[in-house]
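Raw entry-v5.txt, compact mmCIF, N, CA and C atoms:
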# COMPACT_ATOMS: atom_id res chain seq x y z
N MET A 1 305.19 56.86 113.30
CA MET A 1 304.98 58.29 113.42
C MET A 1 306.09 58.91 114.29
N LYS A 2 306.68 59.97 113.80
CA LYS A 2 307.76 60.62 114.52
C LYS A 2 307.21 61.49 115.65
N ARG A 3 307.81 61.35 116.80
CA ARG A 3 307.40 62.16 117.95
C ARG A 3 307.90 63.58 117.81
N LYS A 4 307.11 64.51 118.33
CA LYS A 4 307.55 65.90 118.39
C LYS A 4 308.03 66.14 119.82
N LYS A 5 309.35 66.25 119.96
CA LYS A 5 309.96 66.39 121.29
C LYS A 5 309.99 67.85 121.73
N VAL A 6 309.62 68.02 122.99
CA VAL A 6 309.67 69.33 123.62
C VAL A 6 310.64 69.22 124.79
N LEU A 7 311.52 70.21 124.90
CA LEU A 7 312.53 70.21 125.96
C LEU A 7 312.30 71.37 126.92
N VAL A 8 312.38 71.06 128.19
CA VAL A 8 312.29 72.05 129.26
C VAL A 8 313.49 71.81 130.17
N PHE A 9 314.10 72.87 130.67
CA PHE A 9 315.19 72.66 131.62
C PHE A 9 315.08 73.63 132.77
N GLY A 10 315.55 73.18 133.95
CA GLY A 10 315.48 74.02 135.14
C GLY A 10 315.97 73.28 136.37
N THR A 11 315.80 73.90 137.51
CA THR A 11 316.27 73.33 138.77
C THR A 11 315.24 72.36 139.35
N PHE A 12 313.98 72.77 139.39
CA PHE A 12 312.88 71.95 139.90
C PHE A 12 313.15 71.47 141.32
N ASP A 13 313.40 72.44 142.19
CA ASP A 13 313.75 72.17 143.58
C ASP A 13 312.50 72.05 144.43
N GLY A 14 311.83 70.92 144.30
CA GLY A 14 310.53 70.69 144.95
C GLY A 14 309.45 70.98 143.93
N ILE A 15 308.83 69.95 143.38
CA ILE A 15 307.80 70.13 142.33
C ILE A 15 306.58 70.79 142.96
N HIS A 16 306.11 71.86 142.31
CA HIS A 16 304.92 72.58 142.79
C HIS A 16 304.00 72.90 141.61
N LYS A 17 302.89 73.55 141.88
CA LYS A 17 301.89 73.84 140.84
C LYS A 17 302.45 74.69 139.69
N GLY A 18 303.41 75.54 139.98
CA GLY A 18 304.05 76.33 138.92
C GLY A 18 304.79 75.43 137.94
N HIS A 19 305.49 74.42 138.46
CA HIS A 19 306.19 73.46 137.59
C HIS A 19 305.19 72.64 136.78
N LEU A 20 304.11 72.21 137.43
CA LEU A 20 303.11 71.42 136.72
C LEU A 20 302.48 72.23 135.60
N SER A 21 302.26 73.51 135.85
CA SER A 21 301.74 74.40 134.81
C SER A 21 302.73 74.50 133.65
N LEU A 22 304.01 74.64 133.98
CA LEU A 22 305.07 74.71 132.97
C LEU A 22 305.05 73.44 132.10
N PHE A 23 304.97 72.28 132.74
CA PHE A 23 304.95 71.01 132.01
C PHE A 23 303.71 70.91 131.11
N LYS A 24 302.55 71.30 131.65
CA LYS A 24 301.30 71.25 130.86
C LYS A 24 301.39 72.17 129.64
N GLN A 25 301.88 73.39 129.86
CA GLN A 25 302.02 74.34 128.75
C GLN A 25 302.99 73.79 127.70
N ALA A 26 304.10 73.25 128.14
CA ALA A 26 305.12 72.73 127.22
C ALA A 26 304.56 71.56 126.41
N LYS A 27 303.79 70.72 127.05
CA LYS A 27 303.23 69.52 126.41
C LYS A 27 302.31 69.90 125.24
N LYS A 28 301.77 71.10 125.25
CA LYS A 28 300.89 71.54 124.15
C LYS A 28 301.66 71.73 122.84
N PHE A 29 302.98 71.83 122.92
CA PHE A 29 303.80 72.07 121.72
C PHE A 29 304.34 70.78 121.11
N GLY A 30 304.05 69.64 121.73
CA GLY A 30 304.52 68.37 121.20
C GLY A 30 303.92 67.21 121.96
N ASP A 31 304.37 66.00 121.65
CA ASP A 31 303.78 64.84 122.30
C ASP A 31 304.78 64.06 123.17
N TYR A 32 306.01 64.58 123.30
CA TYR A 32 307.01 63.90 124.11
C TYR A 32 307.82 64.94 124.87
N LEU A 33 307.60 65.01 126.18
CA LEU A 33 308.24 66.04 127.00
C LEU A 33 309.48 65.50 127.71
N VAL A 34 310.60 66.14 127.43
CA VAL A 34 311.87 65.80 128.08
C VAL A 34 312.23 66.96 129.00
N VAL A 35 312.50 66.63 130.25
CA VAL A 35 312.87 67.64 131.24
C VAL A 35 314.32 67.40 131.67
N VAL A 36 315.13 68.43 131.51
CA VAL A 36 316.52 68.36 131.95
C VAL A 36 316.63 69.09 133.28
N VAL A 37 317.09 68.35 134.29
CA VAL A 37 317.21 68.86 135.65
C VAL A 37 318.66 69.33 135.86
N ALA A 38 318.79 70.56 136.33
CA ALA A 38 320.12 71.14 136.56
C ALA A 38 320.89 70.36 137.62
N ARG A 39 322.18 70.21 137.39
CA ARG A 39 323.06 69.54 138.33
C ARG A 39 323.26 70.42 139.56
N ASP A 40 323.58 69.80 140.70
CA ASP A 40 323.78 70.54 141.94
C ASP A 40 324.84 71.64 141.78
N LEU A 41 325.97 71.29 141.18
CA LEU A 41 327.04 72.28 141.02
C LEU A 41 326.65 73.43 140.10
N THR A 42 325.83 73.13 139.10
CA THR A 42 325.33 74.17 138.20
C THR A 42 324.43 75.13 138.97
N VAL A 43 323.55 74.58 139.79
CA VAL A 43 322.65 75.41 140.59
C VAL A 43 323.46 76.30 141.52
N LYS A 44 324.48 75.72 142.16
CA LYS A 44 325.32 76.50 143.07
C LYS A 44 326.01 77.65 142.34
N LYS A 45 326.51 77.36 141.13
CA LYS A 45 327.19 78.38 140.32
C LYS A 45 326.23 79.50 139.91
N VAL A 46 325.02 79.13 139.54
CA VAL A 46 324.04 80.11 139.04
C VAL A 46 323.35 80.88 140.17
N LYS A 47 322.94 80.16 141.21
CA LYS A 47 322.14 80.78 142.27
C LYS A 47 322.93 81.15 143.51
N GLY A 48 324.17 80.67 143.58
CA GLY A 48 325.01 80.99 144.73
C GLY A 48 324.80 80.10 145.94
N HIS A 49 323.95 79.08 145.79
CA HIS A 49 323.72 78.12 146.88
C HIS A 49 323.25 76.80 146.29
N LEU A 50 323.45 75.75 147.06
CA LEU A 50 322.97 74.44 146.62
C LEU A 50 321.45 74.39 146.73
N PRO A 51 320.80 73.57 145.90
CA PRO A 51 319.35 73.44 146.03
C PRO A 51 318.99 72.70 147.33
N LYS A 52 317.75 72.85 147.75
CA LYS A 52 317.28 72.18 148.96
C LYS A 52 317.34 70.66 148.78
N PHE A 53 316.95 70.19 147.58
CA PHE A 53 316.95 68.76 147.28
C PHE A 53 318.13 68.44 146.35
N SER A 54 318.71 67.26 146.52
CA SER A 54 319.85 66.86 145.68
C SER A 54 319.39 66.64 144.24
N GLU A 55 320.35 66.62 143.32
CA GLU A 55 320.01 66.41 141.91
C GLU A 55 319.29 65.08 141.70
N GLN A 56 319.68 64.05 142.44
CA GLN A 56 319.00 62.75 142.30
C GLN A 56 317.56 62.80 142.81
N GLU A 57 317.34 63.51 143.92
CA GLU A 57 315.98 63.66 144.45
C GLU A 57 315.11 64.48 143.49
N ARG A 58 315.69 65.53 142.94
CA ARG A 58 314.94 66.39 142.00
C ARG A 58 314.63 65.64 140.71
N LEU A 59 315.60 64.87 140.22
CA LEU A 59 315.39 64.07 139.01
C LEU A 59 314.27 63.05 139.23
N LYS A 60 314.31 62.37 140.36
CA LYS A 60 313.30 61.36 140.69
C LYS A 60 311.90 61.99 140.77
N ALA A 61 311.80 63.16 141.40
CA ALA A 61 310.51 63.86 141.54
C ALA A 61 309.96 64.26 140.17
N VAL A 62 310.82 64.76 139.30
CA VAL A 62 310.39 65.15 137.95
C VAL A 62 309.97 63.92 137.17
N TYR A 63 310.75 62.87 137.27
CA TYR A 63 310.47 61.65 136.52
C TYR A 63 309.13 61.03 136.92
N LYS A 64 308.75 61.20 138.19
CA LYS A 64 307.48 60.66 138.69
C LYS A 64 306.27 61.40 138.12
N CYS A 65 306.47 62.61 137.65
CA CYS A 65 305.36 63.41 137.14
C CYS A 65 304.82 62.78 135.85
N LYS A 66 303.52 62.54 135.83
CA LYS A 66 302.89 61.86 134.70
C LYS A 66 302.92 62.67 133.39
N LEU A 67 303.13 63.97 133.48
CA LEU A 67 303.20 64.80 132.28
C LEU A 67 304.54 64.65 131.55
N VAL A 68 305.54 64.15 132.27
CA VAL A 68 306.91 64.07 131.77
C VAL A 68 307.18 62.68 131.17
N ASN A 69 307.68 62.66 129.94
CA ASN A 69 308.01 61.39 129.29
C ASN A 69 309.43 60.93 129.61
N ASP A 70 310.34 61.88 129.80
CA ASP A 70 311.73 61.54 130.10
C ASP A 70 312.32 62.66 130.94
N ALA A 71 313.15 62.28 131.90
CA ALA A 71 313.85 63.27 132.74
C ALA A 71 315.31 62.86 132.79
N GLN A 72 316.19 63.85 132.64
CA GLN A 72 317.62 63.60 132.61
C GLN A 72 318.34 64.69 133.39
N LEU A 73 319.52 64.35 133.89
CA LEU A 73 320.36 65.37 134.52
C LEU A 73 321.09 66.14 133.42
N GLY A 74 321.31 67.41 133.66
CA GLY A 74 322.02 68.25 132.71
C GLY A 74 323.50 67.89 132.63
N ASN A 75 324.18 68.50 131.68
CA ASN A 75 325.61 68.31 131.51
C ASN A 75 326.32 69.43 132.28
N GLN A 76 327.27 69.09 133.11
CA GLN A 76 327.93 70.09 133.95
C GLN A 76 328.88 71.00 133.20
N LYS A 77 329.47 70.52 132.12
CA LYS A 77 330.48 71.31 131.43
C LYS A 77 329.91 72.12 130.26
N ASN A 78 329.05 71.50 129.47
CA ASN A 78 328.48 72.16 128.31
C ASN A 78 326.96 72.05 128.38
N TYR A 79 326.34 73.13 128.77
CA TYR A 79 324.90 73.12 129.00
C TYR A 79 324.10 72.88 127.73
N TYR A 80 324.68 73.17 126.59
CA TYR A 80 323.97 73.02 125.32
C TYR A 80 324.09 71.60 124.76
N LYS A 81 324.97 70.79 125.34
CA LYS A 81 325.20 69.43 124.85
C LYS A 81 323.93 68.58 124.90
N LYS A 82 323.12 68.80 125.92
CA LYS A 82 321.87 68.04 126.06
C LYS A 82 320.93 68.32 124.89
N ILE A 83 320.94 69.53 124.39
CA ILE A 83 320.08 69.88 123.24
C ILE A 83 320.52 69.03 122.04
N LYS A 84 321.82 68.93 121.86
CA LYS A 84 322.37 68.13 120.75
C LYS A 84 321.98 66.66 120.89
N GLU A 85 322.02 66.14 122.13
CA GLU A 85 321.67 64.73 122.38
C GLU A 85 320.18 64.47 122.20
N ILE A 86 319.35 65.35 122.73
CA ILE A 86 317.90 65.13 122.75
C ILE A 86 317.25 65.46 121.40
N LYS A 87 317.78 66.46 120.71
CA LYS A 87 317.26 66.90 119.40
C LYS A 87 315.76 67.24 119.45
N PRO A 88 315.41 68.20 120.30
CA PRO A 88 313.99 68.58 120.38
C PRO A 88 313.57 69.44 119.18
N GLN A 89 312.29 69.47 118.91
CA GLN A 89 311.76 70.37 117.89
C GLN A 89 311.38 71.71 118.53
N VAL A 90 311.11 71.67 119.85
CA VAL A 90 310.70 72.86 120.59
C VAL A 90 311.43 72.90 121.92
N ILE A 91 311.90 74.09 122.31
CA ILE A 91 312.43 74.32 123.65
C ILE A 91 311.50 75.33 124.30
N CYS A 92 310.97 74.97 125.46
CA CYS A 92 310.09 75.86 126.20
C CYS A 92 310.85 76.43 127.40
N LEU A 93 310.79 77.73 127.52
CA LEU A 93 311.47 78.43 128.61
C LEU A 93 310.45 78.92 129.62
N GLY A 94 310.79 78.83 130.88
CA GLY A 94 309.94 79.38 131.92
C GLY A 94 309.87 80.89 131.81
N TYR A 95 308.84 81.48 132.35
CA TYR A 95 308.64 82.94 132.27
C TYR A 95 309.82 83.71 132.84
N ASP A 96 310.51 83.12 133.83
CA ASP A 96 311.59 83.83 134.52
C ASP A 96 312.97 83.27 134.18
N GLN A 97 313.04 82.41 133.20
CA GLN A 97 314.30 81.76 132.86
C GLN A 97 315.21 82.72 132.10
N VAL A 98 316.37 82.99 132.67
CA VAL A 98 317.32 83.92 132.04
C VAL A 98 318.71 83.31 131.85
N VAL A 99 319.02 82.28 132.62
CA VAL A 99 320.36 81.70 132.57
C VAL A 99 320.49 80.79 131.35
N PHE A 100 321.61 80.89 130.67
CA PHE A 100 321.98 80.07 129.51
C PHE A 100 321.14 80.33 128.26
N ILE A 101 320.26 81.32 128.29
CA ILE A 101 319.44 81.54 127.10
C ILE A 101 319.96 82.67 126.22
N ASP A 102 320.92 83.45 126.72
CA ASP A 102 321.44 84.55 125.93
C ASP A 102 322.12 84.08 124.65
N ASN A 103 322.74 82.90 124.68
CA ASN A 103 323.39 82.35 123.49
C ASN A 103 322.62 81.18 122.88
N LEU A 104 321.43 80.93 123.38
CA LEU A 104 320.67 79.75 122.96
C LEU A 104 320.45 79.71 121.45
N GLU A 105 319.97 80.79 120.87
CA GLU A 105 319.69 80.79 119.43
C GLU A 105 320.97 80.59 118.61
N LYS A 106 322.07 81.21 119.02
CA LYS A 106 323.36 81.04 118.32
C LYS A 106 323.84 79.60 118.40
N GLU A 107 323.70 79.00 119.58
CA GLU A 107 324.14 77.61 119.76
C GLU A 107 323.30 76.65 118.90
N ILE A 108 322.01 76.92 118.82
CA ILE A 108 321.12 76.09 118.00
C ILE A 108 321.51 76.22 116.52
N GLU A 109 321.81 77.44 116.10
CA GLU A 109 322.27 77.67 114.72
C GLU A 109 323.54 76.88 114.43
N LYS A 110 324.50 76.91 115.36
CA LYS A 110 325.76 76.17 115.20
C LYS A 110 325.50 74.68 115.01
N MET A 111 324.48 74.16 115.73
CA MET A 111 324.14 72.74 115.64
C MET A 111 323.39 72.42 114.35
N LYS A 112 322.97 73.45 113.64
CA LYS A 112 322.21 73.32 112.40
C LYS A 112 320.85 72.62 112.64
N PHE A 113 320.24 72.94 113.77
CA PHE A 113 318.92 72.41 114.10
C PHE A 113 317.88 73.49 113.85
N LYS A 114 316.68 73.04 113.57
CA LYS A 114 315.54 73.95 113.49
C LYS A 114 314.71 73.69 114.74
N ILE A 115 314.85 74.57 115.71
CA ILE A 115 314.16 74.40 116.99
C ILE A 115 313.40 75.69 117.29
N GLU A 116 312.12 75.53 117.57
CA GLU A 116 311.31 76.69 117.99
C GLU A 116 311.60 76.94 119.47
N ILE A 117 311.66 78.20 119.84
CA ILE A 117 311.82 78.56 121.25
C ILE A 117 310.55 79.27 121.69
N LYS A 118 309.94 78.76 122.74
CA LYS A 118 308.69 79.32 123.25
C LYS A 118 308.89 79.78 124.69
N ARG A 119 308.40 80.95 125.01
CA ARG A 119 308.43 81.47 126.38
C ARG A 119 307.05 81.19 126.98
N LEU A 120 307.02 80.48 128.10
CA LEU A 120 305.75 80.10 128.72
C LEU A 120 305.30 81.12 129.74
N LYS A 121 304.01 81.06 130.06
CA LYS A 121 303.41 82.01 131.00
C LYS A 121 303.66 81.56 132.44
N SER A 122 303.64 82.53 133.33
CA SER A 122 303.81 82.23 134.76
C SER A 122 302.50 81.70 135.33
N PHE A 123 302.61 81.02 136.45
CA PHE A 123 301.45 80.51 137.17
C PHE A 123 301.58 80.96 138.61
N SER A 124 300.86 82.00 139.00
CA SER A 124 300.90 82.53 140.36
C SER A 124 302.32 82.59 140.93
N PRO A 125 303.21 83.36 140.27
CA PRO A 125 304.61 83.39 140.71
C PRO A 125 304.81 83.96 142.11
N ASP A 126 303.81 84.68 142.60
CA ASP A 126 303.90 85.21 143.96
C ASP A 126 303.69 84.11 145.00
N LYS A 127 303.13 82.96 144.57
CA LYS A 127 302.90 81.84 145.48
C LYS A 127 303.75 80.63 145.13
N PHE A 128 303.82 80.31 143.83
CA PHE A 128 304.46 79.07 143.39
C PHE A 128 305.78 79.34 142.69
N LYS A 129 306.79 79.51 143.50
CA LYS A 129 308.15 79.72 143.02
C LYS A 129 309.04 79.02 144.04
N SER A 130 309.93 78.16 143.56
CA SER A 130 310.74 77.33 144.49
C SER A 130 311.48 78.19 145.53
N SER A 131 311.99 79.35 145.11
CA SER A 131 312.74 80.18 146.05
C SER A 131 311.86 80.67 147.21
N LEU A 132 310.57 80.80 146.97
CA LEU A 132 309.64 81.19 148.04
C LEU A 132 309.23 79.98 148.88
N LEU A 133 308.95 78.89 148.21
CA LEU A 133 308.47 77.69 148.90
C LEU A 133 309.54 76.99 149.71
N ASN A 134 310.79 77.15 149.34
CA ASN A 134 311.86 76.43 150.03
C ASN A 134 312.54 77.24 151.13
N LYS A 135 311.94 78.34 151.55
CA LYS A 135 312.52 79.14 152.62
C LYS A 135 312.34 78.48 153.96

Once you've parsed the file, please lay out its structure as C-alpha cells.
Amino acid sequence: MKRKKVLVFGTFDGIHKGHLSLFKQAKKFGDYLVVVVARDLTVKKVKGHLPKFSEQERLKAVYKCKLVNDAQLGNQKNYYKKIKEIKPQVICLGYDQVVFIDNLEKEIEKMKFKIEIKRLKSFSPDKFKSSLLNK
C-alpha cells in the first residue's frame, strides 16, 4: 500500500501545543508526516535573528514527536528542493506561514507534481507562538 505523504515545514523553535496541533491537523491529510526544519541561516535571513535553539536541537525535538514519521533539515540554497526529494501528496501550511509560499504553486507546477496545499487553523496563537514563548 502506498503511503500518502504530508509535508510541513517551519522553524519549530521549541515544540509547543501550537506545533502539536499543526502536526495533528496535517496528519489528517495522510498517513506519513514529514517535517522539514528550517536551517539556522535560513531563519536568520527570514526573521533577522538566529533561533533560540540550534537546527540540530530543533530537528531532534521534532523527530522525538510521536506524530512525526520523518524529520529533516531544509535545503539552504533551494527551499523547494526538499519538495522534489520528499514527493508529498499534500503540503500543509501553518496559519501564519507566509515565507516561500508566494511561488509555491508555480514551483510545484514546474516539478510536474500534483500536490494539494492546505492552510491549517491556528491554535491559541496569542499563547502558543514560538516568538512569544522564546522571549

**OP:** Using only C-alpha atoms, find the one residue out of A:Phe53, A:Tyr95, A:Tyr32, A:Tyr79 that sits nearest to A:Lys118.
**Re:** A:Tyr95

**OP:** Run DSSP on the backbone and give me the residues of stretch 5-128 of chain A it puts in strand (DSSP E), as a ChimeraX atom specification.
**Re:** /A:5-10,32-37,70-73,90-93,116-119

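Nearest to A:Met111 of all the residues A:Ile83, A:Ile91, A:Val98, A:Val46 is A:Ile83, counting only C-alpha atoms.
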
**OP:** Name the residues of chain A that come out as helix (DSSP H, G or I) in a backbone DSSP run; write them as a ChimeraX atom specification.
**Re:** /A:17-27,40-47,55-64,81-86,104-111,130-133

Taking a cut-off of 10 Å and counting only C-alpha atoms, can you build a table that, for each residue of stretch 50-120 of chain A near stretch 17-20 of chain A, reports the nearest atom pair and how far apart they are in Å (one decimal), sorted by chain then residue number, as a Markdown table?
| residue | atom | partner | partner_atom | distance |
| --- | --- | --- | --- | --- |
| A:Val62 | CA | A:His19 | CA | 9.3 |
| A:Cys65 | CA | A:Leu20 | CA | 8.3 |
| A:Lys66 | CA | A:Leu20 | CA | 9.8 |
| A:Leu67 | CA | A:Leu20 | CA | 8.0 |
| A:Val68 | CA | A:Leu20 | CA | 9.6 |
| A:Gly94 | CA | A:His19 | CA | 9.0 |

Please save N, CA and C atoms of the selected residues as a compact mmCIF listing (two decimals), in the frame of the given file.
# COMPACT_ATOMS: atom_id res chain seq x y z
N VAL A 62 310.82 64.76 139.30
CA VAL A 62 310.39 65.15 137.95
C VAL A 62 309.97 63.92 137.17
N CYS A 65 306.47 62.61 137.65
CA CYS A 65 305.36 63.41 137.14
C CYS A 65 304.82 62.78 135.85
N LYS A 66 303.52 62.54 135.83
CA LYS A 66 302.89 61.86 134.70
C LYS A 66 302.92 62.67 133.39
N LEU A 67 303.13 63.97 133.48
CA LEU A 67 303.20 64.80 132.28
C LEU A 67 304.54 64.65 131.55
N VAL A 68 305.54 64.15 132.27
CA VAL A 68 306.91 64.07 131.77
C VAL A 68 307.18 62.68 131.17
N GLY A 94 310.79 78.83 130.88
CA GLY A 94 309.94 79.38 131.92
C GLY A 94 309.87 80.89 131.81

**OP:** Go through A:Glu85, A:Asp70, A:Glu105, A:Asp13 and flag the residue nearest A:Glu57, using all atoms listed in the file for the distances.
**Re:**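 Nearest candidate to A:Glu57 out of A:Glu85, A:Asp70, A:Glu105, A:Asp13: A:Asp13.
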
Subject >> Sphere at (299.6, 79.2, 137.1), radius 6 Å, counting only C-alpha atoms: residues as a ChimeraX atom specification >> reply: /A:18,21,122-124

Let me see the file: selected residues, N, CA and C atoms, as a tab-separated table (two decimals), keeping the file's coordinate frame.
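See part-v1.tsv below for the written result:
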chain	number	residue	atom	x	y	z
A	18	GLY	N	303.41	75.54	139.98
A	18	GLY	CA	304.05	76.33	138.92
A	18	GLY	C	304.79	75.43	137.94
A	21	SER	N	302.26	73.51	135.85
A	21	SER	CA	301.74	74.40	134.81
A	21	SER	C	302.73	74.50	133.65
A	122	SER	N	303.64	82.53	133.33
A	122	SER	CA	303.81	82.23	134.76
A	122	SER	C	302.50	81.70	135.33
A	123	PHE	N	302.61	81.02	136.45
A	123	PHE	CA	301.45	80.51	137.17
A	123	PHE	C	301.58	80.96	138.61
A	124	SER	N	300.86	82.00	139.00
A	124	SER	CA	300.90	82.53	140.36
A	124	SER	C	302.32	82.59	140.93

Can you tell me which residues surround A:Asp96 at a distance of at most 8 Å, considering only N, CA and C atoms, apart from same-chain residues fewer than 6 positions away, and format the answer as a compact mmCIF listing (two decimals) with N, CA and C atoms, in the coordinates of the input?
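For reference, around_0.txt as written:
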# COMPACT_ATOMS: atom_id res chain seq x y z
N ARG A 119 308.40 80.95 125.01
CA ARG A 119 308.43 81.47 126.38
C ARG A 119 307.05 81.19 126.98
N LEU A 120 307.02 80.48 128.10
CA LEU A 120 305.75 80.10 128.72
C LEU A 120 305.30 81.12 129.74
N LYS A 121 304.01 81.06 130.06
CA LYS A 121 303.41 82.01 131.00
C LYS A 121 303.66 81.56 132.44
N SER A 122 303.64 82.53 133.33
CA SER A 122 303.81 82.23 134.76
C SER A 122 302.50 81.70 135.33

**OP:** One decimal, Å: what's the distance from atom CA of A:Lys82 over to atom CA of A:Gly14, could you say?
**Re:** 22.2 Å

Original post:
A:Phe12: which residues within 8 Å, counting only N, CA and C atoms, same-chain residues fewer than 3 positions away excluded, as JSON, numbers by chain?
Top reply: {"A": [9, 15, 16, 19, 36, 37, 38, 53, 57, 58, 59, 61, 62, 130]}

Subject >> Residues within 12 Å of A:Arg3, only C-alpha atoms, excluding chain neighbours under 6 positions, as a VMD selection string >> reply: chain A and resid 27 29 to 34 69 86 to 90

**OP:** Provide the atom C of A:Gln76 to atom N of A:Thr42 distance in Å, to one decimal place.
**Re:**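 Atom C of A:Gln76 sits 7.0 Å away from atom N of A:Thr42.
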
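When atom N of A:Lys47 is paired with atom CA of A:Val99, their separation reads 9.1 Å.
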
Taking the structure in the block just given, could you write stretch 47-69 of chain A with N, CA and C atoms, as a PDB file, in the first residue's frame?
ATOM      1  N   LYS A  47      13.923  35.884   9.571  1.00  0.00           N
ATOM      2  CA  LYS A  47      13.433  36.547  10.783  1.00  0.00           C
ATOM      3  C   LYS A  47      14.364  37.631  11.311  1.00  0.00           C
ATOM      4  N   GLY A  48      15.569  37.685  10.761  1.00  0.00           N
ATOM      5  CA  GLY A  48      16.513  38.713  11.195  1.00  0.00           C
ATOM      6  C   GLY A  48      17.304  38.362  12.445  1.00  0.00           C
ATOM      7  N   HIS A  49      17.110  37.141  12.951  1.00  0.00           N
ATOM      8  CA  HIS A  49      17.872  36.678  14.123  1.00  0.00           C
ATOM      9  C   HIS A  49      17.943  35.156  14.101  1.00  0.00           C
ATOM     10  N   LEU A  50      18.939  34.641  14.788  1.00  0.00           N
ATOM     11  CA  LEU A  50      19.058  33.187  14.895  1.00  0.00           C
ATOM     12  C   LEU A  50      17.976  32.652  15.822  1.00  0.00           C
ATOM     13  N   PRO A  51      17.562  31.404  15.628  1.00  0.00           N
ATOM     14  CA  PRO A  51      16.575  30.834  16.551  1.00  0.00           C
ATOM     15  C   PRO A  51      17.210  30.598  17.926  1.00  0.00           C
ATOM     16  N   LYS A  52      16.365  30.451  18.928  1.00  0.00           N
ATOM     17  CA  LYS A  52      16.840  30.193  20.292  1.00  0.00           C
ATOM     18  C   LYS A  52      17.586  28.853  20.343  1.00  0.00           C
ATOM     19  N   PHE A  53      17.039  27.849  19.646  1.00  0.00           N
ATOM     20  CA  PHE A  53      17.638  26.515  19.620  1.00  0.00           C
ATOM     21  C   PHE A  53      18.314  26.289  18.266  1.00  0.00           C
ATOM     22  N   SER A  54      19.419  25.561  18.267  1.00  0.00           N
ATOM     23  CA  SER A  54      20.143  25.289  17.020  1.00  0.00           C
ATOM     24  C   SER A  54      19.317  24.374  16.120  1.00  0.00           C
ATOM     25  N   GLU A  55      19.681  24.324  14.850  1.00  0.00           N
ATOM     26  CA  GLU A  55      18.953  23.470  13.902  1.00  0.00           C
ATOM     27  C   GLU A  55      18.994  22.008  14.334  1.00  0.00           C
ATOM     28  N   GLN A  56      20.114  21.559  14.895  1.00  0.00           N
ATOM     29  CA  GLN A  56      20.203  20.162  15.350  1.00  0.00           C
ATOM     30  C   GLN A  56      19.289  19.907  16.556  1.00  0.00           C
ATOM     31  N   GLU A  57      19.216  20.870  17.472  1.00  0.00           N
ATOM     32  CA  GLU A  57      18.324  20.730  18.633  1.00  0.00           C
ATOM     33  C   GLU A  57      16.859  20.732  18.188  1.00  0.00           C
ATOM     34  N   ARG A  58      16.540  21.614  17.251  1.00  0.00           N
ATOM     35  CA  ARG A  58      15.159  21.704  16.758  1.00  0.00           C
ATOM     36  C   ARG A  58      14.774  20.445  15.986  1.00  0.00           C
ATOM     37  N   LEU A  59      15.691  19.945  15.177  1.00  0.00           N
ATOM     38  CA  LEU A  59      15.451  18.711  14.421  1.00  0.00           C
ATOM     39  C   LEU A  59      15.205  17.538  15.368  1.00  0.00           C
ATOM     40  N   LYS A  60      16.036  17.427  16.385  1.00  0.00           N
ATOM     41  CA  LYS A  60      15.920  16.344  17.368  1.00  0.00           C
ATOM     42  C   LYS A  60      14.572  16.420  18.104  1.00  0.00           C
ATOM     43  N   ALA A  61      14.158  17.625  18.494  1.00  0.00           N
ATOM     44  CA  ALA A  61      12.884  17.811  19.201  1.00  0.00           C
ATOM     45  C   ALA A  61      11.702  17.415  18.316  1.00  0.00           C
ATOM     46  N   VAL A  62      11.747  17.802  17.045  1.00  0.00           N
ATOM     47  CA  VAL A  62      10.666  17.447  16.116  1.00  0.00           C
ATOM     48  C   VAL A  62      10.654  15.946  15.895  1.00  0.00           C
ATOM     49  N   TYR A  63      11.820  15.370  15.713  1.00  0.00           N
ATOM     50  CA  TYR A  63      11.919  13.934  15.449  1.00  0.00           C
ATOM     51  C   TYR A  63      11.376  13.102  16.611  1.00  0.00           C
ATOM     52  N   LYS A  64      11.527  13.611  17.826  1.00  0.00           N
ATOM     53  CA  LYS A  64      11.038  12.906  19.027  1.00  0.00           C
ATOM     54  C   LYS A  64       9.511  12.877  19.098  1.00  0.00           C
ATOM     55  N   CYS A  65       8.857  13.789  18.419  1.00  0.00           N
ATOM     56  CA  CYS A  65       7.401  13.880  18.472  1.00  0.00           C
ATOM     57  C   CYS A  65       6.783  12.642  17.818  1.00  0.00           C
ATOM     58  N   LYS A  66       5.910  11.972  18.547  1.00  0.00           N
ATOM     59  CA  LYS A  66       5.313  10.724  18.072  1.00  0.00           C
ATOM     60  C   LYS A  66       4.398  10.903  16.851  1.00  0.00           C
ATOM     61  N   LEU A  67       3.930  12.111  16.604  1.00  0.00           N
ATOM     62  CA  LEU A  67       3.070  12.369  15.452  1.00  0.00           C
ATOM     63  C   LEU A  67       3.865  12.421  14.143  1.00  0.00           C
ATOM     64  N   VAL A  68       5.177  12.640  14.261  1.00  0.00           N
ATOM     65  CA  VAL A  68       6.048  12.855  13.106  1.00  0.00           C
ATOM     66  C   VAL A  68       6.708  11.535  12.694  1.00  0.00           C
ATOM     67  N   ASN A  69       6.597  11.205  11.407  1.00  0.00           N
ATOM     68  CA  ASN A  69       7.227   9.985  10.892  1.00  0.00           C
ATOM     69  C   ASN A  69       8.667  10.220  10.452  1.00  0.00           C
TER      70      ASN A  69
END
